[in-house]
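Data block for run_16.cif (mmCIF, C-alpha atoms):
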```cif
data_structure
loop_
_atom_site.group_PDB
_atom_site.id
_atom_site.type_symbol
_atom_site.label_atom_id
_atom_site.label_comp_id
_atom_site.auth_asym_id
_atom_site.auth_seq_id
_atom_site.Cartn_x
_atom_site.Cartn_y
_atom_site.Cartn_z
ATOM 1 C CA MET U 1 -190.213 42.877 1.120
ATOM 2 C CA SER U 2 -187.000 42.293 2.995
ATOM 3 C CA ASN U 3 -185.577 39.377 1.079
ATOM 4 C CA GLY U 4 -186.187 36.872 -1.685
ATOM 5 C CA ARG U 5 -187.886 34.348 0.642
ATOM 6 C CA SER U 6 -190.731 36.779 1.380
ATOM 7 C CA ILE U 7 -191.488 37.007 -2.344
ATOM 8 C CA THR U 8 -194.054 34.395 -3.329
ATOM 9 C CA HIS U 9 -194.342 35.482 -6.952
ATOM 10 C CA PHE U 10 -192.970 37.868 -9.555
ATOM 11 C CA LEU U 11 -194.856 40.130 -11.942
ATOM 12 C CA LEU U 12 -193.746 39.827 -15.557
ATOM 13 C CA LEU U 13 -193.938 42.662 -18.068
ATOM 14 C CA ALA U 14 -197.092 42.562 -20.167
ATOM 15 C CA PHE U 15 -196.879 43.095 -23.919
ATOM 16 C CA THR U 16 -199.975 45.284 -23.743
ATOM 17 C CA ASP U 17 -202.740 46.252 -21.314
ATOM 18 C CA THR U 18 -205.447 46.273 -23.994
ATOM 19 C CA ARG U 19 -207.574 43.111 -23.827
ATOM 20 C CA GLU U 20 -208.088 42.828 -27.596
ATOM 21 C CA LEU U 21 -204.332 43.107 -28.219
ATOM 22 C CA GLN U 22 -203.650 40.546 -25.494
ATOM 23 C CA LEU U 23 -205.822 38.021 -27.322
ATOM 24 C CA LEU U 24 -204.140 38.952 -30.603
ATOM 25 C CA HIS U 25 -200.737 38.318 -28.990
ATOM 26 C CA PHE U 26 -201.968 34.949 -27.721
ATOM 27 C CA TRP U 27 -202.921 33.784 -31.213
ATOM 28 C CA LEU U 28 -199.681 35.167 -32.663
ATOM 29 C CA PHE U 29 -197.585 33.383 -30.022
ATOM 30 C CA LEU U 30 -199.588 30.194 -30.516
ATOM 31 C CA GLY U 31 -198.892 30.268 -34.262
ATOM 32 C CA ILE U 32 -195.171 30.854 -33.707
ATOM 33 C CA TYR U 33 -195.002 28.121 -31.073
ATOM 34 C CA LEU U 34 -196.813 25.545 -33.197
ATOM 35 C CA ALA U 35 -194.602 26.387 -36.198
ATOM 36 C CA ALA U 36 -191.486 25.933 -34.046
ATOM 37 C CA LEU U 37 -192.789 22.635 -32.652
ATOM 38 C CA LEU U 38 -193.667 21.315 -36.102
ATOM 39 C CA GLY U 39 -190.442 22.424 -37.776
ATOM 40 C CA ASN U 40 -188.104 21.098 -35.105
ATOM 41 C CA ALA U 41 -190.112 17.892 -34.643
ATOM 42 C CA LEU U 42 -189.910 17.225 -38.408
ATOM 43 C CA ILE U 43 -186.128 17.673 -38.371
ATOM 44 C CA ILE U 44 -185.735 15.387 -35.337
ATOM 45 C CA THR U 45 -187.936 12.700 -36.915
ATOM 46 C CA ALA U 46 -186.262 12.986 -40.329
ATOM 47 C CA VAL U 47 -182.747 12.697 -38.912
ATOM 48 C CA ALA U 48 -183.696 9.834 -36.593
ATOM 49 C CA SER U 49 -185.551 7.820 -39.255
ATOM 50 C CA ASP U 50 -183.287 8.309 -42.307
ATOM 51 C CA HIS U 51 -180.080 6.271 -42.073
ATOM 52 C CA ARG U 52 -178.422 8.527 -44.686
ATOM 53 C CA LEU U 53 -178.549 11.352 -42.148
ATOM 54 C CA HIS U 54 -176.813 9.385 -39.388
ATOM 55 C CA THR U 55 -173.675 11.511 -39.658
ATOM 56 C CA PRO U 56 -172.066 13.902 -37.133
ATOM 57 C CA MET U 57 -173.442 17.027 -38.837
ATOM 58 C CA TYR U 58 -177.039 15.791 -38.600
ATOM 59 C CA CYS U 59 -176.449 14.379 -35.116
ATOM 60 C CA PHE U 60 -175.583 17.916 -34.026
ATOM 61 C CA LEU U 61 -178.571 19.286 -35.951
ATOM 62 C CA LEU U 62 -180.882 16.886 -34.109
ATOM 63 C CA ASN U 63 -179.501 18.129 -30.781
ATOM 64 C CA LEU U 64 -179.895 21.733 -31.938
ATOM 65 C CA SER U 65 -183.573 21.094 -32.675
ATOM 66 C CA LEU U 66 -184.038 19.540 -29.222
ATOM 67 C CA LEU U 67 -182.452 22.594 -27.599
ATOM 68 C CA ASP U 68 -184.598 24.925 -29.700
ATOM 69 C CA LEU U 69 -187.722 23.077 -28.587
ATOM 70 C CA GLY U 70 -186.640 23.345 -24.958
ATOM 71 C CA CYS U 71 -185.750 27.024 -25.269
ATOM 72 C CA ILE U 72 -189.011 28.185 -26.831
ATOM 73 C CA SER U 73 -191.092 25.880 -24.596
ATOM 74 C CA THR U 74 -189.562 27.506 -21.514
ATOM 75 C CA THR U 75 -190.647 31.060 -22.304
ATOM 76 C CA LEU U 76 -193.494 31.208 -24.816
ATOM 77 C CA PRO U 77 -196.212 29.018 -23.183
ATOM 78 C CA LYS U 78 -196.135 31.171 -20.037
ATOM 79 C CA ALA U 79 -196.355 34.349 -22.149
ATOM 80 C CA MET U 80 -199.302 32.808 -24.019
ATOM 81 C CA ALA U 81 -201.069 31.903 -20.763
ATOM 82 C CA ASN U 82 -200.533 35.390 -19.340
ATOM 83 C CA SER U 83 -201.930 37.004 -22.490
ATOM 84 C CA LEU U 84 -204.924 34.653 -22.543
ATOM 85 C CA TRP U 85 -205.830 34.968 -18.857
ATOM 86 C CA ASN U 86 -204.869 38.646 -18.498
ATOM 87 C CA THR U 87 -202.337 38.064 -15.729
ATOM 88 C CA ARG U 88 -198.673 38.871 -15.133
ATOM 89 C CA ALA U 89 -197.859 36.603 -12.193
ATOM 90 C CA ILE U 90 -195.336 33.757 -12.074
ATOM 91 C CA SER U 91 -194.568 31.873 -8.850
ATOM 92 C CA TYR U 92 -191.160 32.165 -7.178
ATOM 93 C CA SER U 93 -190.389 28.490 -7.849
ATOM 94 C CA GLY U 94 -191.753 28.787 -11.381
ATOM 95 C CA CYS U 95 -189.462 31.743 -12.016
ATOM 96 C CA ALA U 96 -186.446 29.815 -10.685
ATOM 97 C CA ALA U 97 -187.329 26.852 -12.913
ATOM 98 C CA GLN U 98 -187.740 29.120 -15.930
ATOM 99 C CA VAL U 99 -184.337 30.750 -15.326
ATOM 100 C CA PHE U 100 -182.637 27.386 -14.887
ATOM 101 C CA LEU U 101 -184.172 25.795 -17.987
ATOM 102 C CA PHE U 102 -183.738 28.825 -20.234
ATOM 103 C CA VAL U 103 -180.084 29.318 -19.276
ATOM 104 C CA THR U 104 -179.455 25.582 -19.711
ATOM 105 C CA PHE U 105 -180.897 25.489 -23.220
ATOM 106 C CA ILE U 106 -179.537 28.834 -24.450
ATOM 107 C CA SER U 107 -175.972 28.237 -23.214
ATOM 108 C CA ALA U 108 -175.929 24.607 -24.374
ATOM 109 C CA GLU U 109 -177.083 25.814 -27.794
ATOM 110 C CA PHE U 110 -174.179 28.243 -28.040
ATOM 111 C CA TYR U 111 -171.696 25.519 -27.074
ATOM 112 C CA LEU U 112 -173.299 23.217 -29.642
ATOM 113 C CA LEU U 113 -173.030 25.883 -32.355
ATOM 114 C CA THR U 114 -169.309 26.078 -31.524
ATOM 115 C CA VAL U 115 -168.998 22.313 -31.928
ATOM 116 C CA MET U 116 -170.894 22.499 -35.232
ATOM 117 C CA ALA U 117 -168.395 25.116 -36.471
ATOM 118 C CA TYR U 118 -165.586 22.674 -35.649
ATOM 119 C CA ASP U 119 -167.455 19.923 -37.505
ATOM 120 C CA ARG U 120 -167.704 22.063 -40.656
ATOM 121 C CA TYR U 121 -164.036 23.100 -40.326
ATOM 122 C CA VAL U 122 -162.834 19.499 -40.187
ATOM 123 C CA ALA U 123 -165.194 18.389 -42.982
ATOM 124 C CA ILE U 124 -164.023 21.113 -45.378
ATOM 125 C CA CYS U 125 -160.422 21.844 -44.352
ATOM 126 C CA LYS U 126 -159.332 18.363 -43.174
ATOM 127 C CA PRO U 127 -161.625 15.923 -45.005
ATOM 128 C CA LEU U 128 -159.152 13.024 -44.828
ATOM 129 C CA HIS U 129 -159.182 13.192 -41.025
ATOM 130 C CA TYR U 130 -162.935 13.638 -40.656
ATOM 131 C CA GLY U 131 -163.678 10.001 -39.859
ATOM 132 C CA SER U 132 -161.004 9.788 -37.163
ATOM 133 C CA LEU U 133 -161.696 13.190 -35.556
ATOM 134 C CA LEU U 134 -165.497 13.117 -35.724
ATOM 135 C CA GLY U 135 -166.697 9.563 -35.468
ATOM 136 C CA SER U 136 -170.017 8.569 -33.941
ATOM 137 C CA ARG U 137 -168.512 8.296 -30.456
ATOM 138 C CA ALA U 138 -166.889 11.730 -30.693
ATOM 139 C CA CYS U 139 -170.201 13.175 -31.900
ATOM 140 C CA VAL U 140 -172.038 11.790 -28.864
ATOM 141 C CA HIS U 141 -169.333 13.012 -26.483
ATOM 142 C CA MET U 142 -169.331 16.535 -27.941
ATOM 143 C CA ALA U 143 -173.121 16.810 -27.850
ATOM 144 C CA ALA U 144 -173.157 15.496 -24.270
ATOM 145 C CA ALA U 145 -170.473 18.031 -23.315
ATOM 146 C CA ALA U 146 -172.614 20.865 -24.711
ATOM 147 C CA TRP U 147 -175.668 19.703 -22.730
ATOM 148 C CA GLY U 148 -173.580 19.123 -19.585
ATOM 149 C CA SER U 149 -171.878 22.523 -19.809
ATOM 150 C CA GLY U 150 -175.229 24.252 -20.195
ATOM 151 C CA PHE U 151 -176.631 22.349 -17.206
ATOM 152 C CA LEU U 152 -173.711 23.218 -14.909
ATOM 153 C CA TYR U 153 -173.656 26.849 -16.052
ATOM 154 C CA ALA U 154 -177.394 27.201 -15.400
ATOM 155 C CA LEU U 155 -177.185 25.431 -12.032
ATOM 156 C CA LEU U 156 -174.449 27.783 -10.819
ATOM 157 C CA HIS U 157 -176.194 30.955 -11.992
ATOM 158 C CA THR U 158 -179.658 29.939 -10.775
ATOM 159 C CA ALA U 159 -178.422 28.943 -7.314
ATOM 160 C CA ASN U 160 -176.412 32.144 -6.980
ATOM 161 C CA THR U 161 -179.156 34.452 -8.322
ATOM 162 C CA PHE U 162 -181.920 33.098 -6.094
ATOM 163 C CA SER U 163 -179.707 33.192 -2.994
ATOM 164 C CA ILE U 164 -179.429 36.992 -3.313
ATOM 165 C CA PRO U 165 -181.737 38.991 -0.977
ATOM 166 C CA LEU U 166 -184.355 40.945 -2.929
ATOM 167 C CA CYS U 167 -185.978 44.102 -1.581
ATOM 168 C CA GLN U 168 -186.825 46.237 -4.618
ATOM 169 C CA GLY U 169 -190.315 44.823 -5.179
ATOM 170 C CA ASN U 170 -191.253 41.883 -7.389
ATOM 171 C CA GLY U 171 -191.791 43.479 -10.818
ATOM 172 C CA LEU U 172 -189.606 42.286 -13.712
ATOM 173 C CA ASN U 173 -189.299 44.378 -16.873
ATOM 174 C CA GLN U 174 -189.312 41.291 -19.060
ATOM 175 C CA PHE U 175 -191.891 38.817 -20.382
ATOM 176 C CA PHE U 176 -190.005 35.914 -18.810
ATOM 177 C CA CYS U 177 -187.711 35.515 -15.793
ATOM 178 C CA GLU U 178 -184.255 36.742 -16.759
ATOM 179 C CA ILE U 179 -181.219 37.018 -14.484
ATOM 180 C CA PRO U 180 -180.357 40.693 -15.207
ATOM 181 C CA GLN U 181 -183.930 41.723 -14.363
ATOM 182 C CA ILE U 182 -183.892 39.748 -11.096
ATOM 183 C CA LEU U 183 -180.546 41.310 -10.128
ATOM 184 C CA LYS U 184 -182.149 44.760 -10.367
ATOM 185 C CA LEU U 185 -184.237 43.772 -7.324
ATOM 186 C CA SER U 186 -181.146 42.998 -5.210
ATOM 187 C CA CYS U 187 -180.685 44.629 -1.814
ATOM 188 C CA SER U 188 -176.937 44.036 -1.515
ATOM 189 C CA ASP U 189 -174.303 45.469 -3.840
ATOM 190 C CA SER U 190 -171.830 42.751 -2.842
ATOM 191 C CA ASP U 191 -174.233 39.939 -3.798
ATOM 192 C CA TYR U 192 -175.084 41.765 -7.000
ATOM 193 C CA LEU U 193 -171.408 42.158 -7.904
ATOM 194 C CA ARG U 194 -170.758 38.485 -7.158
ATOM 195 C CA GLU U 195 -173.286 37.396 -9.755
ATOM 196 C CA VAL U 196 -172.086 40.052 -12.193
ATOM 197 C CA GLY U 197 -168.559 38.688 -11.727
ATOM 198 C CA LEU U 198 -169.772 35.210 -12.653
ATOM 199 C CA ILE U 199 -171.536 36.600 -15.713
ATOM 200 C CA VAL U 200 -168.374 38.426 -16.811
ATOM 201 C CA PHE U 201 -166.248 35.298 -16.323
ATOM 202 C CA PHE U 202 -168.552 33.119 -18.384
ATOM 203 C CA SER U 203 -168.949 35.897 -20.944
ATOM 204 C CA CYS U 204 -165.202 35.594 -21.534
ATOM 205 C CA LEU U 205 -165.691 31.878 -22.207
ATOM 206 C CA PHE U 206 -168.502 32.668 -24.623
ATOM 207 C CA PHE U 207 -166.286 35.223 -26.322
ATOM 208 C CA ALA U 208 -163.543 32.605 -26.700
ATOM 209 C CA SER U 209 -166.089 30.294 -28.349
ATOM 210 C CA PHE U 210 -167.164 33.137 -30.623
ATOM 211 C CA VAL U 211 -163.538 33.758 -31.660
ATOM 212 C CA PHE U 212 -163.176 30.037 -32.373
ATOM 213 C CA ILE U 213 -166.256 30.139 -34.627
ATOM 214 C CA VAL U 214 -164.927 33.188 -36.495
ATOM 215 C CA VAL U 215 -161.463 31.652 -36.998
ATOM 216 C CA SER U 216 -163.052 28.381 -38.165
ATOM 217 C CA TYR U 217 -165.089 30.171 -40.814
ATOM 218 C CA VAL U 218 -162.121 32.218 -41.982
ATOM 219 C CA GLN U 219 -160.319 28.929 -42.623
ATOM 220 C CA ILE U 220 -163.428 27.436 -44.241
ATOM 221 C CA PHE U 221 -163.854 30.340 -46.674
ATOM 222 C CA ARG U 222 -160.158 30.217 -47.560
ATOM 223 C CA ALA U 223 -160.517 26.507 -48.357
ATOM 224 C CA VAL U 224 -163.701 27.087 -50.385
ATOM 225 C CA LEU U 225 -162.030 29.777 -52.496
ATOM 226 C CA ARG U 226 -159.354 27.259 -53.475
ATOM 227 C CA ILE U 227 -161.951 24.874 -54.958
ATOM 228 C CA PRO U 228 -161.608 25.206 -58.759
ATOM 229 C CA SER U 229 -165.193 24.560 -59.864
ATOM 230 C CA GLU U 230 -168.102 26.878 -59.109
ATOM 231 C CA GLN U 231 -170.399 23.889 -58.565
ATOM 232 C CA GLY U 232 -167.982 22.463 -55.996
ATOM 233 C CA ARG U 233 -167.801 25.788 -54.146
ATOM 234 C CA HIS U 234 -171.601 26.073 -54.103
ATOM 235 C CA LYS U 235 -172.061 22.512 -52.845
ATOM 236 C CA THR U 236 -169.478 23.010 -50.095
ATOM 237 C CA LEU U 237 -170.940 26.332 -48.981
ATOM 238 C CA SER U 238 -174.452 24.860 -48.868
ATOM 239 C CA THR U 239 -173.373 22.597 -45.995
ATOM 240 C CA CYS U 240 -172.098 25.447 -43.797
ATOM 241 C CA LEU U 241 -174.144 28.528 -44.739
ATOM 242 C CA PRO U 242 -177.208 27.465 -42.675
ATOM 243 C CA HIS U 243 -174.991 27.125 -39.604
ATOM 244 C CA LEU U 244 -173.365 30.510 -40.272
ATOM 245 C CA ILE U 245 -176.778 32.188 -40.662
ATOM 246 C CA ILE U 246 -178.033 30.652 -37.405
ATOM 247 C CA VAL U 247 -174.872 31.647 -35.511
ATOM 248 C CA SER U 248 -175.140 35.207 -36.832
ATOM 249 C CA LEU U 249 -178.825 35.455 -35.880
ATOM 250 C CA PHE U 250 -178.243 33.946 -32.433
ATOM 251 C CA ILE U 251 -175.219 36.079 -31.531
ATOM 252 C CA SER U 252 -176.401 39.373 -33.037
ATOM 253 C CA THR U 253 -179.768 39.352 -31.235
ATOM 254 C CA ALA U 254 -178.209 38.279 -27.909
ATOM 255 C CA VAL U 255 -175.407 40.871 -28.122
ATOM 256 C CA VAL U 256 -177.776 43.719 -28.979
ATOM 257 C CA ALA U 257 -180.106 42.684 -26.135
ATOM 258 C CA ASP U 258 -177.341 42.442 -23.514
ATOM 259 C CA LEU U 259 -174.868 45.154 -24.575
ATOM 260 C CA LYS U 260 -177.109 47.984 -25.772
ATOM 261 C CA PRO U 261 -176.334 51.398 -24.202
ATOM 262 C CA SER U 262 -178.371 52.175 -21.096
ATOM 263 C CA SER U 263 -179.258 55.552 -22.643
ATOM 264 C CA ILE U 264 -181.492 53.848 -25.220
ATOM 265 C CA SER U 265 -182.844 51.176 -22.890
ATOM 266 C CA SER U 266 -186.586 51.047 -22.284
ATOM 267 C CA PRO U 267 -189.030 48.307 -21.219
ATOM 268 C CA SER U 268 -190.588 48.111 -24.679
ATOM 269 C CA LEU U 269 -187.190 47.886 -26.420
ATOM 270 C CA ASP U 270 -185.995 45.248 -23.924
ATOM 271 C CA LEU U 271 -189.184 43.306 -24.604
ATOM 272 C CA VAL U 272 -188.670 43.316 -28.377
ATOM 273 C CA LEU U 273 -184.974 42.408 -28.187
ATOM 274 C CA SER U 274 -185.540 39.562 -25.722
ATOM 275 C CA PHE U 275 -188.302 38.233 -27.974
ATOM 276 C CA LEU U 276 -185.883 38.308 -30.919
ATOM 277 C CA TYR U 277 -183.159 36.254 -29.245
ATOM 278 C CA SER U 278 -185.341 33.877 -27.212
ATOM 279 C CA VAL U 279 -188.182 33.120 -29.642
ATOM 280 C CA VAL U 280 -187.170 33.945 -33.217
ATOM 281 C CA PRO U 281 -184.078 31.654 -33.589
ATOM 282 C CA PRO U 282 -185.871 28.465 -32.417
ATOM 283 C CA ALA U 283 -188.757 29.247 -34.785
ATOM 284 C CA VAL U 284 -186.699 29.998 -37.909
ATOM 285 C CA ASN U 285 -183.786 27.555 -37.497
ATOM 286 C CA PRO U 286 -185.702 24.629 -39.080
ATOM 287 C CA LEU U 287 -186.686 26.827 -42.019
ATOM 288 C CA ILE U 288 -183.087 27.975 -42.563
ATOM 289 C CA TYR U 289 -181.726 24.432 -42.562
ATOM 290 C CA SER U 290 -184.467 22.957 -44.719
ATOM 291 C CA MET U 291 -184.128 25.716 -47.317
ATOM 292 C CA ARG U 292 -180.354 25.411 -47.700
ATOM 293 C CA ASN U 293 -179.743 21.673 -47.315
ATOM 294 C CA GLN U 294 -180.755 19.371 -50.163
ATOM 295 C CA GLU U 295 -180.260 16.123 -48.201
ATOM 296 C CA LEU U 296 -182.501 17.357 -45.415
ATOM 297 C CA ARG U 297 -185.139 18.565 -47.884
ATOM 298 C CA ASP U 298 -185.174 15.130 -49.520
ATOM 299 C CA ALA U 299 -185.528 13.412 -46.135
ATOM 300 C CA LEU U 300 -188.376 15.742 -45.103
ATOM 301 C CA ARG U 301 -190.127 15.214 -48.446
ATOM 302 C CA LYS U 302 -189.820 11.447 -47.994
ATOM 303 C CA LEU U 303 -191.091 11.644 -44.409
ATOM 304 C CA ILE U 304 -194.110 13.769 -45.325
ATOM 305 C CA GLY U 305 -194.836 11.510 -48.327
ATOM 306 C CA HIS U 306 -194.848 8.420 -46.103
ATOM 307 C CA PHE U 307 -197.200 10.177 -43.681
ATOM 308 C CA PHE U 308 -199.760 10.981 -46.377
ATOM 309 C CA VAL U 309 -199.505 7.496 -47.892
ATOM 310 C CA SER U 310 -200.062 5.921 -44.459
ATOM 311 C CA HIS U 311 -202.970 8.270 -43.787
ATOM 312 C CA ARG U 312 -204.662 7.415 -47.076
ATOM 313 C CA LEU U 313 -204.099 3.689 -46.532
ATOM 314 C CA CYS U 314 -205.573 3.911 -43.046
ATOM 315 C CA THR U 315 -208.581 5.848 -44.356
ATOM 316 C CA PHE U 316 -209.102 3.277 -47.101
ATOM 317 C CA LEU U 317 -208.875 0.270 -44.757
ATOM 318 C CA CYS U 318 -211.138 1.856 -42.155
ATOM 319 C CA LYS U 319 -214.006 2.339 -44.626
#
```

Rendering of file as structure tokens:
Amino acid sequence: MSNGRSITHFLLLAFTDTRELQLLHFWLFLGIYLAALLGNALIITAVASDHRLHTPMYCFLLNLSLLDLGCISTTLPKAMANSLWNTRAISYSGCAAQVFLFVTFISAEFYLLTVMAYDRYVAICKPLHYGSLLGSRACVHMAAAAWGSGFLYALLHTANTFSIPLCQGNGLNQFFCEIPQILKLSCSDSDYLREVGLIVFFSCLFFASFVFIVVSYVQIFRAVLRIPSEQGRHKTLSTCLPHLIIVSLFISTAVVADLKPSSISSPSLDLVLSFLYSVVPPAVNPLIYSMRNQELRDALRKLIGHFFVSHRLCTFLCK
């Protein structure tokens, strides 16, 4: 294969070659996917339908759930289909679409988590200025900026990656199309280094966002420690701990996956780590927020209660 245009499809890494285990993986992935869909859909519906949750913090949470749905829907359904039908193939255009969508959602999510850290910083450290700094218009603009940044970042990387000539076969050591795995198939060192340069540049931007999140939480914890009552400290922490847990999970899994030493790298380890950062956060984020946030729990309880009441009423009237 002389270049990328002669490649009609890529071969993804299979979780296992044993047919029984492939079917077991399919049912496991289906359960995880349905749980992620249900959890994030409940949060989106609860925030949209409950006027008490029409605040910047829950506006950002709604967008986070949308990004989580997009992220897990980009990778897991294809893995499920491959496990079910005992295949590894993904078309060239399908791979490009998967790269573009996954990078869009994952980078937009990181930008949104940075914005959410700023929201918690202003709410706790500068409460008197919260209304002026984070009104409804500012919330929409910040969320739109996160989505737009992710879109532009993904567009640049996807266009650059799939313009590189590929001549090292078509096998990817990953269960979904990932830029580092595609770059391993590159023929030209100069094209490879060009994309690596872009990755390094944007990694510096991500690192700056990470530093901003850390500094924000240092200021938040300093402010919380100055609250005299234990109940007040607990109530304040309950609004930011879910975000801190999600940021820690998101960053730790991504950093370990991307920066692990090459001496310990192996296809099976890469597979597990990529699964952790691409699938686990979208699946557990709704659980983390619903467990730690009383307002959200109340809204979800009310939403589920209305559903069962409507279902019983419908059943009664239809008899």

Gap from CA of Ser49 (chain U) to CA of Val247 (chain U) - Å, one decimal:
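Interatomic distance here is 26.4 Å.
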
For Ile44 (chain U), the nearest of the candidates U:Trp27, U:Leu67, U:Leu128, U:Ser248, counting all atoms listed in the file:
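Result for the nearest residue to Ile44 (chain U): U:Leu67.
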
Hits from the PyMOL selection byres ((chain U and resi 295) around 12), listed as an MDAnalysis selection string
chainID U and resid 43 46:47 50:55 57:58 235 238:239 289:294 296:302

Quick check on the file I pasted: which residues fall under the PyMOL selection byres ((chain U and resi 203-211) around 9)? Write them as an MDAnalysis selection string.
chainID U and resid 107 110:111 114 198:202 212:216 251

Suppose you want the space between CA of Thr75 (chain U) and CA of Gln98 (chain U); what is it in Å?
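That distance, rounded to one decimal, is 7.3 Å.
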
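Counting only C-alpha atoms, the residue from U:Ser65, U:Ser6, U:Ser188, U:Thr158 that sits nearest to Cys95 (chain U) is U:Thr158.
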
Might you pull out every residue within 8 Å of Gly39 (chain U), with only C-alpha atoms counted and same-chain residues fewer than 4 positions away left off, and present them as a PyMOL selection string?
chain U and resi 35+43+283+286-287

Just the selected residues (C-alpha atoms), exported as a tab-separated table (two decimals), in the frame of the given file, please.
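So out37.tsv came out as:
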```tsv
chain	number	residue	atom	x	y	z
U	35	ALA	CA	-194.60	26.39	-36.20
U	43	ILE	CA	-186.13	17.67	-38.37
U	283	ALA	CA	-188.76	29.25	-34.78
U	286	PRO	CA	-185.70	24.63	-39.08
U	287	LEU	CA	-186.69	26.83	-42.02
```

Using all atoms listed in the file, pick whichever of U:Gly70, U:Pro56, U:Gly171, U:Gly135 has the shortest atom-to-atom distance to Ala89 (chain U).
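Of all the options, U:Gly171 lies closest to Ala89 (chain U).
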
Selection in question (the file shown): the PyMOL selection byres ((chain U and resi 223-229) around 12). Which residues does it include, as a list in words?
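Going through the file, the PyMOL selection byres ((chain U and resi 223-229) around 12) ends up selecting Arg120, Tyr121, Val122, Ala123, Ile124, Cys125, Lys126, Pro127, Ser216, Tyr217, Val218, Gln219, Ile220, Phe221, Arg222, Glu230, Gln231, Gly232, Arg233, His234, Lys235, Thr236, Leu237, Ser238, Thr239, Cys240 and Leu241 of chain U.
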
Which of these residues is nearest to Phe250 (chain U), using all atoms listed in the file: U:His141, U:Leu113, U:His157, U:Gly31?
U:Leu113

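Minimum distance to Ala154 (chain U) across U:Ala81, U:Ile106, U:Leu62, U:Leu303 (counting only C-alpha atoms) occurs at U:Ile106.
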
Identify, on the basis of only C-alpha atoms, every residue whose closest approach to Phe10 (chain U) does not exceed 10 Å; exclude the query and any residue fewer than 4 positions from it along the same chain; express the result as a PyMOL selection string.
chain U and resi 88-95+169-172+176-177+182

Name the residues in contact with Tyr277 (chain U) at a cut-off of 10 Å, using only C-alpha atoms, excluding same-chain residues fewer than 5 positions from it; report them as a PDB file with C-alpha atoms, keeping the file's coordinate frame.
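Written output follows (part_26.pdb):
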```pdb
ATOM      1  CA  ILE U 106    -179.537  28.834 -24.450  1.00  0.00           C
ATOM      2  CA  LEU U 249    -178.825  35.455 -35.880  1.00  0.00           C
ATOM      3  CA  PHE U 250    -178.243  33.946 -32.433  1.00  0.00           C
ATOM      4  CA  ILE U 251    -175.219  36.079 -31.531  1.00  0.00           C
ATOM      5  CA  SER U 252    -176.401  39.373 -33.037  1.00  0.00           C
ATOM      6  CA  THR U 253    -179.768  39.352 -31.235  1.00  0.00           C
ATOM      7  CA  ALA U 254    -178.209  38.279 -27.909  1.00  0.00           C
ATOM      8  CA  VAL U 255    -175.407  40.871 -28.122  1.00  0.00           C
ATOM      9  CA  VAL U 256    -177.776  43.719 -28.979  1.00  0.00           C
ATOM     10  CA  ALA U 257    -180.106  42.684 -26.135  1.00  0.00           C
ATOM     11  CA  VAL U 272    -188.670  43.316 -28.377  1.00  0.00           C
ATOM     12  CA  PRO U 282    -185.871  28.465 -32.417  1.00  0.00           C
TER      13      PRO U 282
END
```

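Remark: for Ser83 (chain U), the closest of the candidate residues U:Leu23, U:Val103, U:Leu193, U:Cys71 is U:Leu23 (distances computed over all atoms listed in the file).
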
Rounded to one decimal place, report the CA of Leu271 (chain U)-CA of Ser186 (chain U) distance in Å.
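Computing the Euclidean distance for CA of Leu271 (chain U) and CA of Ser186 (chain U) yields 21.0 Å.
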
Selection near Ala159 (chain U), 10 Å with all atoms listed in the file, sequence-local residues under 5 positions removed, as a PyMOL selection string
chain U and resi 96+100+154+164

Would you list the residues near (-182.1, 44.8, -14.4), meaning any protein, DNA or RNA residue with an atom at most 12 Å from that point in file coordinates, counting all atoms listed in the file, as a compact mmCIF listing (two decimals) with C-alpha atoms, in the frame of the given file?
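Contents of result-v2.txt, as written:
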```txt
# COMPACT_ATOMS: atom_id res chain seq x y z
CA GLN U 168 -186.82 46.24 -4.62
CA ASN U 170 -191.25 41.88 -7.39
CA GLY U 171 -191.79 43.48 -10.82
CA LEU U 172 -189.61 42.29 -13.71
CA ASN U 173 -189.30 44.38 -16.87
CA GLN U 174 -189.31 41.29 -19.06
CA CYS U 177 -187.71 35.52 -15.79
CA GLU U 178 -184.26 36.74 -16.76
CA ILE U 179 -181.22 37.02 -14.48
CA PRO U 180 -180.36 40.69 -15.21
CA GLN U 181 -183.93 41.72 -14.36
CA ILE U 182 -183.89 39.75 -11.10
CA LEU U 183 -180.55 41.31 -10.13
CA LYS U 184 -182.15 44.76 -10.37
CA LEU U 185 -184.24 43.77 -7.32
CA SER U 186 -181.15 43.00 -5.21
CA TYR U 192 -175.08 41.76 -7.00
CA VAL U 196 -172.09 40.05 -12.19
CA ASP U 258 -177.34 42.44 -23.51
CA SER U 262 -178.37 52.18 -21.10
CA SER U 265 -182.84 51.18 -22.89
CA SER U 266 -186.59 51.05 -22.28
CA PRO U 267 -189.03 48.31 -21.22
CA ASP U 270 -186.00 45.25 -23.92
```

Which residues, written as an MDAnalysis selection string, have at least one atom at most 9 Å from Pro77 (chain U), with only C-alpha atoms counted and residues fewer than 6 positions away on the same chain left out?
chainID U and resid 29:30 33

Around all of region 23-27 of chain U's listed atoms, make the axis-aligned box with 3 Å on each side and tell me centre and edge lengths in Å to one decimal, as AutoDock Vina command-line options.
```
--center_x -203.3 --center_y 36.4 --center_z -29.3 --size_x 11.1 --size_y 11.2 --size_z 9.9
```
